[in-house]
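S.K.: Contents are compact mmCIF, C-alpha atoms and all ligand atoms; file name query19.txt:
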# COMPACT_ATOMS: atom_id res chain seq x y z
CA MET X 1 109.64 246.35 112.91
CA ALA X 2 111.84 247.79 110.25
CA ILE X 3 115.36 246.41 110.32
CA PRO X 4 117.96 248.92 111.45
CA PRO X 5 120.22 250.15 108.68
CA GLY X 6 123.48 248.37 108.16
CA GLN X 7 122.17 244.99 109.22
CA SER X 8 121.63 242.12 106.83
CA GLN X 9 118.03 241.90 105.71
CA SER X 10 118.21 238.24 104.82
CA LYS X 11 118.62 235.21 107.00
CA THR X 12 119.98 233.24 104.06
CA HIS X 13 123.54 233.74 102.88
CA THR X 14 122.85 234.92 99.37
CA ILE X 15 125.19 237.50 97.86
CA PRO X 16 123.41 240.86 97.66
CA VAL X 17 123.03 242.25 94.12
CA VAL X 18 123.92 245.65 95.49
CA CYS X 19 125.66 246.46 98.76
CA PHE X 20 126.51 249.98 99.95
CA LYS X 21 128.77 250.34 102.99
CA ASN X 22 128.93 253.74 104.64
CA VAL X 23 128.75 255.62 101.34
CA ARG X 24 129.23 259.39 101.51
CA LYS X 25 128.78 261.84 98.67
CA THR X 26 129.06 265.62 98.86
CA PHE X 27 128.41 268.10 96.05
CA GLY X 28 130.08 271.42 96.87
CA ASN X 29 129.06 271.93 100.48
CA GLN X 30 125.90 269.83 100.20
CA GLN X 31 126.23 266.45 101.88
CA VAL X 32 123.77 264.23 100.03
CA LEU X 33 124.75 260.69 101.09
CA ARG X 34 125.96 260.69 104.69
CA GLY X 35 126.98 257.14 105.50
CA LEU X 36 124.50 255.19 103.40
CA SER X 37 124.46 251.42 103.99
CA PHE X 38 122.05 248.86 102.58
CA GLU X 39 121.86 245.53 100.78
CA LEU X 40 119.49 244.59 97.95
CA GLN X 41 118.68 240.90 97.73
CA PRO X 42 118.59 239.00 94.43
CA GLY X 43 115.22 238.13 92.95
CA GLU X 44 113.41 240.85 94.88
CA ILE X 45 111.61 244.06 93.94
CA SER X 46 113.24 246.72 96.11
CA PHE X 47 111.69 250.17 96.33
CA ILE X 48 113.79 253.18 97.31
CA ILE X 49 111.62 255.94 98.73
CA GLY X 50 112.15 259.29 100.40
CA ARG X 51 111.44 262.97 99.99
CA SER X 52 112.39 264.88 96.88
CA GLY X 53 116.08 265.79 96.93
CA GLU X 54 117.05 263.10 99.47
CA GLY X 55 119.46 261.44 97.03
CA LYS X 56 117.46 258.59 95.49
CA SER X 57 118.60 259.29 91.93
CA VAL X 58 122.12 259.94 93.22
CA THR X 59 121.96 256.46 94.81
CA ILE X 60 120.92 254.85 91.50
CA LYS X 61 123.73 256.72 89.75
CA HIS X 62 126.16 255.17 92.24
CA ILE X 63 124.70 251.71 91.52
CA ILE X 64 125.36 252.12 87.79
CA GLY X 65 128.73 253.72 88.45
CA VAL X 66 128.24 257.09 86.78
CA LEU X 67 128.80 258.68 90.18
CA HIS X 68 131.38 257.40 92.66
CA PRO X 69 131.44 257.80 96.46
CA ASP X 70 133.79 260.18 98.25
CA VAL X 71 133.98 257.62 101.05
CA GLY X 72 132.59 254.11 101.48
CA GLU X 73 132.29 250.96 99.43
CA ILE X 74 129.95 249.66 96.76
CA PHE X 75 129.71 245.96 95.90
CA ILE X 76 127.78 244.73 92.85
CA ASN X 77 127.03 241.00 92.99
CA GLY X 78 129.68 240.67 95.66
CA GLU X 79 132.41 242.43 93.66
CA LEU X 80 133.93 245.52 95.26
CA LEU X 81 133.73 248.16 92.54
CA THR X 82 134.66 251.29 94.43
CA ARG X 83 137.80 252.66 92.86
CA ALA X 84 137.72 249.82 90.28
CA PRO X 85 138.75 250.68 86.72
CA GLU X 86 136.03 251.81 84.30
CA THR X 87 136.31 248.47 82.45
CA SER X 88 134.99 246.69 85.57
CA TRP X 89 132.05 249.10 85.70
CA ILE X 90 131.31 248.57 82.00
CA ARG X 91 131.16 244.81 82.65
CA ALA X 92 128.89 245.30 85.67
CA ARG X 93 126.67 247.72 83.73
CA LYS X 94 126.09 245.12 81.02
CA ASN X 95 124.05 243.22 83.62
CA MET X 96 121.90 246.25 84.40
CA GLY X 97 118.90 247.63 82.56
CA LEU X 98 117.75 251.19 83.13
CA LEU X 99 114.30 252.61 82.60
CA PHE X 100 113.93 256.36 82.97
CA GLN X 101 110.71 258.26 83.39
CA ASP X 102 110.26 259.28 79.75
CA GLY X 103 111.68 256.06 78.32
CA ALA X 104 114.45 258.13 76.67
CA LEU X 105 113.69 256.71 73.22
CA PHE X 106 115.15 257.99 69.98
CA ASP X 107 112.26 259.50 68.03
CA SER X 108 114.10 259.29 64.73
CA MET X 109 114.52 255.50 64.97
CA THR X 110 111.90 252.78 64.63
CA VAL X 111 110.83 250.78 67.67
CA GLY X 112 113.01 247.88 66.52
CA GLU X 113 116.06 250.11 66.04
CA ASN X 114 115.58 251.55 69.52
CA VAL X 115 115.52 248.08 71.06
CA ALA X 116 118.47 246.92 68.92
CA PHE X 117 120.61 249.94 69.87
CA PRO X 118 122.36 248.53 73.01
CA ILE X 119 122.68 245.08 71.44
CA ARG X 120 124.50 246.55 68.43
CA GLU X 121 126.82 248.38 70.79
CA PHE X 122 127.78 245.38 72.92
CA GLU X 123 127.26 242.22 70.85
CA GLN X 124 128.19 241.00 67.39
CA LEU X 125 125.03 239.38 66.06
CA THR X 126 124.09 238.60 62.48
CA PRO X 127 121.16 240.69 61.14
CA LYS X 128 118.93 237.60 61.43
CA GLU X 129 119.96 236.93 65.05
CA LEU X 130 119.47 240.60 65.89
CA SER X 131 116.00 240.75 64.41
CA LEU X 132 115.00 237.54 66.23
CA ARG X 133 116.27 238.98 69.52
CA VAL X 134 114.37 242.24 68.96
CA GLU X 135 111.19 240.34 68.07
CA SER X 136 111.40 238.22 71.20
CA LEU X 137 111.98 241.31 73.38
CA LEU X 138 108.96 243.02 71.85
CA ASP X 139 106.92 239.86 72.48
CA LEU X 140 108.11 239.85 76.09
CA VAL X 141 106.78 243.36 76.74
CA GLY X 142 103.52 242.75 74.90
CA LEU X 143 104.32 244.58 71.65
CA PRO X 144 104.58 241.78 69.07
CA GLY X 145 105.08 243.01 65.52
CA TYR X 146 105.87 246.62 66.52
CA GLY X 147 109.42 246.55 65.15
CA LEU X 148 108.77 248.90 62.25
CA ALA X 149 106.47 251.29 64.17
CA ARG X 150 107.53 254.92 64.51
CA VAL X 151 108.19 256.11 68.06
CA PRO X 152 106.22 259.40 67.73
CA ASP X 153 103.11 257.37 66.83
CA LEU X 154 103.17 255.37 70.08
CA SER X 155 101.02 255.95 73.16
CA ILE X 156 102.75 256.70 76.46
CA GLY X 157 102.12 253.14 77.65
CA GLU X 158 103.62 251.70 74.45
CA ARG X 159 106.67 253.97 74.80
CA LYS X 160 107.17 252.61 78.31
CA ARG X 161 107.07 249.09 76.97
CA VAL X 162 109.61 249.89 74.26
CA GLY X 163 111.84 251.50 76.93
CA LEU X 164 111.48 248.33 78.96
CA ALA X 165 112.31 246.11 75.96
CA ARG X 166 115.46 248.19 75.42
CA ALA X 167 116.35 248.03 79.13
CA LEU X 168 116.03 244.24 78.91
CA SER X 169 117.90 243.90 75.62
CA LEU X 170 121.21 242.70 77.10
CA ASN X 171 119.51 240.18 79.43
CA PRO X 172 120.26 242.13 82.62
CA SER X 173 119.94 240.51 86.02
CA LEU X 174 119.28 243.92 87.61
CA LEU X 175 116.61 246.27 86.34
CA LEU X 176 116.53 249.85 87.62
CA TYR X 177 113.53 252.12 87.30
CA ASP X 178 113.86 255.80 88.28
CA GLU X 179 110.33 257.10 88.93
CA PRO X 180 108.64 255.10 86.20
CA THR X 181 105.14 256.38 87.04
CA THR X 182 105.73 260.00 88.10
CA GLY X 183 103.59 262.36 86.04
CA MET X 184 101.57 259.51 84.52
CA ASP X 185 97.80 259.21 84.79
CA PRO X 186 96.57 256.50 87.20
CA LEU X 187 95.77 254.01 84.44
CA ILE X 188 99.26 254.26 82.93
CA SER X 189 100.76 254.03 86.42
CA GLU X 190 98.85 250.85 87.05
CA LEU X 191 99.95 249.48 83.69
CA ILE X 192 103.59 250.18 84.53
CA ASP X 193 103.16 248.56 87.92
CA SER X 194 101.80 245.45 86.27
CA LEU X 195 104.72 245.49 83.80
CA ILE X 196 107.19 245.59 86.70
CA LEU X 197 105.49 242.58 88.27
CA GLU X 198 105.14 240.77 84.96
CA MET X 199 108.87 241.12 84.17
CA GLN X 200 109.73 239.89 87.64
CA LYS X 201 107.62 236.77 87.03
CA LYS X 202 108.77 236.15 83.45
CA ILE X 203 112.51 236.57 84.00
CA PRO X 204 113.87 234.09 86.56
CA GLY X 205 116.24 235.59 89.10
CA LEU X 206 115.66 239.19 88.00
CA SER X 207 116.21 241.82 90.69
CA SER X 208 114.38 245.13 90.32
CA VAL X 209 115.08 248.46 91.98
CA VAL X 210 112.35 251.06 91.72
CA ILE X 211 112.41 254.67 92.88
CA SER X 212 108.87 255.84 93.43
CA HIS X 213 106.83 258.56 95.09
CA ASP X 214 103.66 256.56 94.62
CA ILE X 215 103.03 255.03 98.03
CA GLN X 216 100.21 252.80 96.76
CA SER X 217 102.56 251.22 94.18
CA VAL X 218 105.25 250.88 96.82
CA LEU X 219 103.01 249.06 99.27
CA ARG X 220 101.49 246.87 96.58
CA LEU X 221 104.61 245.82 94.69
CA ALA X 222 107.62 245.96 97.00
CA ASP X 223 109.24 242.86 98.42
CA ARG X 224 111.25 245.30 100.50
CA ILE X 225 111.19 249.06 101.02
CA PHE X 226 114.27 251.22 101.61
CA PHE X 227 113.52 254.61 103.15
CA LEU X 228 116.23 257.17 102.49
CA HIS X 229 116.21 260.09 104.91
CA GLU X 230 118.89 262.66 105.68
CA GLY X 231 121.47 260.81 103.63
CA LYS X 232 121.07 257.47 105.41
CA MET X 233 118.85 254.43 105.20
CA TYR X 234 116.37 255.44 107.87
CA ALA X 235 114.44 252.17 107.75
CA THR X 236 114.05 249.04 105.66
CA GLY X 237 111.33 246.45 105.74
CA THR X 238 108.48 244.73 103.96
CA PRO X 239 105.27 246.67 103.22
CA THR X 240 103.63 244.88 106.17
CA GLU X 241 106.49 245.95 108.44
CA PHE X 242 106.24 249.53 107.19
CA ARG X 243 102.48 249.67 107.74
CA ALA X 244 102.97 248.40 111.30
CA ASN X 245 105.86 250.75 112.04
CA THR X 246 104.74 253.44 114.48
CA ASP X 247 107.69 255.76 113.77
CA PRO X 248 106.08 259.17 113.05
CA ILE X 249 108.28 259.85 110.02
CA ILE X 250 107.35 256.53 108.44
CA GLN X 251 103.69 256.98 109.30
CA GLN X 252 103.73 260.41 107.68
CA PHE X 253 105.12 258.85 104.53
CA ILE X 254 102.56 256.04 104.52
CA THR X 255 99.62 258.38 105.02
CA GLY X 256 101.00 261.24 102.90
CA SER X 257 99.95 263.61 105.68
CA LEU X 258 100.83 267.30 105.63
CA LYS X 259 101.34 267.23 109.38
CA GLY X 260 104.25 265.41 110.95
CA PRO X 261 107.98 265.56 111.61
CA LEU X 262 108.77 265.88 107.91
CA GLY X 263 106.88 269.17 107.78
CA GLN X 264 105.64 268.55 104.25
CA PRO X 265 104.13 265.65 102.36
CA ILE X 266 106.69 263.38 100.76
CA ALA X 267 104.52 261.06 98.72
N1 LIG X 301 125.80 266.03 89.74
C1 LIG X 301 125.36 266.80 90.74
N2 LIG X 301 125.98 267.93 91.09
C2 LIG X 301 125.55 268.68 92.13
N3 LIG X 301 124.47 268.39 92.87
C3 LIG X 301 123.79 267.28 92.56
C4 LIG X 301 124.20 266.43 91.49
N4 LIG X 301 123.33 265.39 91.42
C5 LIG X 301 122.44 265.59 92.42
N5 LIG X 301 122.71 266.71 93.09
C6 LIG X 301 121.96 267.21 94.25
O1 LIG X 301 121.82 266.14 95.17
C7 LIG X 301 120.54 266.20 95.82
C8 LIG X 301 119.85 264.88 95.66
O2 LIG X 301 119.48 264.74 94.30
P1 LIG X 301 118.64 263.50 93.74
O3 LIG X 301 118.42 263.79 92.29
O4 LIG X 301 119.30 262.23 94.08
O5 LIG X 301 117.29 263.62 94.57
P2 LIG X 301 116.04 262.63 94.52
O6 LIG X 301 115.91 262.00 95.88
O7 LIG X 301 116.16 261.72 93.35
O8 LIG X 301 114.84 263.66 94.33
P3 LIG X 301 113.52 263.55 93.41
O9 LIG X 301 112.57 262.70 94.21
O10 LIG X 301 113.05 264.97 93.32
O11 LIG X 301 113.89 262.95 92.08
C9 LIG X 301 119.80 267.37 95.18
O12 LIG X 301 119.88 268.46 96.04
C10 LIG X 301 120.55 267.62 93.90
O13 LIG X 301 120.48 268.97 93.52
MG MG X 302 115.21 261.55 91.51
Please express the file's structure as structure tokens.
Ligand SMILES: Nc1ncnc2c1ncn2[C@@H]1O[C@H](COP(=O)(O)OP(=O)(O)OP(=O)(O)O)[C@@H](O)[C@H]1O
Ligand SMILES: [Mg+2]

M.R.:
Amino acid sequence: MAIPPGQSQSKTHTIPVVCFKNVRKTFGNQQVLRGLSFELQPGEISFIIGRSGEGKSVTIKHIIGVLHPDVGEIFINGELLTRAPETSWIRARKNMGLLFQDGALFDSMTVGENVAFPIREFEQLTPKELSLRVESLLDLVGLPGYGLARVPDLSIGERKRVGLARALSLNPSLLLYDEPTTGMDPLISELIDSLILEMQKKIPGLSSVVISHDIQSVLRLADRIFFLHEGKMYATGTPTEFRANTDPIIQQFITGSLKGPLGQPIA
């Protein structure tokens, strides 16, 4: 059974890394988030799923504080950040790493310069300390010695790894991936999946949030799935709970069927 929205998903009393309480967001006359409540537990890989246009990216933008709710509350690591000053968000964001679909690398910079970019912005390190940090990040993502490589010469998989190294550069405790595999061939998708798992294993206490349309990845990797539908958390649960859930909307998502209450495939 999926756990009804709004209820705690953990029996232990850990502080959620992210907690949304009744968040509403409207653009013009389009209500995107309509009372969204959920909690993401530390140390877990949480997948946010749902049809295109349901508000998954809008949700991630609320987590990083580039969008703010019209109504409702957002807590990051237990701290209420709704209506907090931008300085509080900047502090919270330092603990977050973001990986976008295309990696968003700077083509004119070397791999090392790309990875060093956020560190330069936020920390005062000596050149030696900086180069050691960059080297260790490139080692972590399986690209040792790539510091001087040119971004345009990299394969898609290598670009992803550089993007990941940069996302990890400030030692975040929360890593956010917005559709890391969409548009990738199956081999690259699998490689990215294994990177997500590998990072989770290598970095103690890391929490990961992944938006994905790839149901196979979701069922294979997720500790917990969050199904966004009509602006609310329609259901949450483990992959096993989702597979066993007989709700027709969830079943349509799991099977990717054209027929069902959703009227169109969503995976
Ligand atoms: N800044 C904005 N201004 C106006 N409308 C927006 C803005 N950001 C998002 N929207 C709208 O909110 C809705 C949800 O967008 P969002 O990008 O979160 O969808 P999504 O679930 O991530 O979809 P996809 O799976 O296609 O990426 C869309 O209809 C989008 O056009
Ligand atoms: Mg999106």

S.K.: List every residue of chain X that has an atom at most 7 Å from any atom of ligand LIG 301 (chain X), and for each one report the closest atom pair and its distance in Å to one decimal, counting all atoms listed in the file, with rows sorted by chain and then by increasing residue number, as CSV.

M.R.:
residue,atom,partner,partner_atom,distance
X:Phe27,CA,X:LIG301,C2,4.9
X:Val32,CA,X:LIG301,O1,5.6
X:Gly50,CA,X:LIG301,O6,6.5
X:Arg51,CA,X:LIG301,O9,5.9
X:Ser52,CA,X:LIG301,O9,3.5
X:Gly53,CA,X:LIG301,O5,3.4
X:Glu54,CA,X:LIG301,O6,3.9
X:Gly55,CA,X:LIG301,O4,3.1
X:Lys56,CA,X:LIG301,O6,3.8
X:Ser57,CA,X:LIG301,O4,3.7
X:Val58,CA,X:LIG301,O4,3.7
X:Thr59,CA,X:LIG301,O4,6.4

S.K.: Taking 5 positions as the minimum chain separation for residues in the same chain, which residues sit within 7 Å of range 137-146 of chain X when counting all atoms listed in the file? Answer as a tab-separated table (two decimals) with C-alpha atoms, in the frame of the given file.

M.R.:
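Everything below was put into part.tsv:
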chain	number	residue	atom	x	y	z
X	111	VAL	CA	110.83	250.78	67.67
X	161	ARG	CA	107.07	249.09	76.97
X	165	ALA	CA	112.31	246.11	75.96
X	169	SER	CA	117.90	243.90	75.62

S.K.: Report as a list in words all protein, DNA and RNA residues lying within 6 Å of Pro16 in chain X, evaluated on all atoms listed in the file, omitting residues in the same chain fewer than 6 positions from it.

M.R.: Glu39, Leu40, Gln41 and Asn77 of chain X

S.K.: Which neighbours of Ser189 in chain X fall inside 12 Å, counting all atoms listed in the file, when residues of the same chain fewer than 2 positions from it are skipped, and could you give them as a list in words?

M.R.: Gln101, Ile156, Gly157, Lys160, Glu179, Pro180, Thr181, Thr182, Gly183, Met184, Asp185, Pro186, Leu187, Leu191, Ile192, Asp193, Ser194, Leu195, Ile196, Ser212, His213, Asp214, Ile215, Gln216, Ser217 and Val218 of chain X

S.K.: From the set X:Arg93, X:Lys259, X:Arg34, X:Arg83, which residue has the shortest atom-to-atom contact distance to Leu176 in chain X, counting all atoms listed in the file?

M.R.: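 When distances to Leu176 in chain X are compared using all atoms listed in the file, the smallest one comes from X:Arg93.
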
S.K.: Pick out the closest residue to Leu219 in chain X from this set: X:Phe122, X:Phe47, X:Phe106, X:Phe38. Count only C-alpha atoms.

M.R.: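 Using only C-alpha atoms, the shortest distance to Leu219 in chain X belongs to X:Phe47.
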
S.K.: X:His13, X:Ala92, X:Val18, X:Asp178: which is nearest ligand MG 302 (chain X), counting all atoms listed in the file?

M.R.: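 Smallest separation from ligand MG 302 (chain X) among the options: X:Asp178.
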
S.K.: Kindly indicate which residue among X:Leu175, X:Leu154, X:Leu170, X:Ile211 lies nearest to ligand MG 302 (chain X), using all atoms listed in the file for the distances.

M.R.: X:Ile211

S.K.: Quick check, in Å to one decimal: how far apart do CA of Ser136 in chain X and CA of Ser108 in chain X lie?

M.R.: 22.2 Å
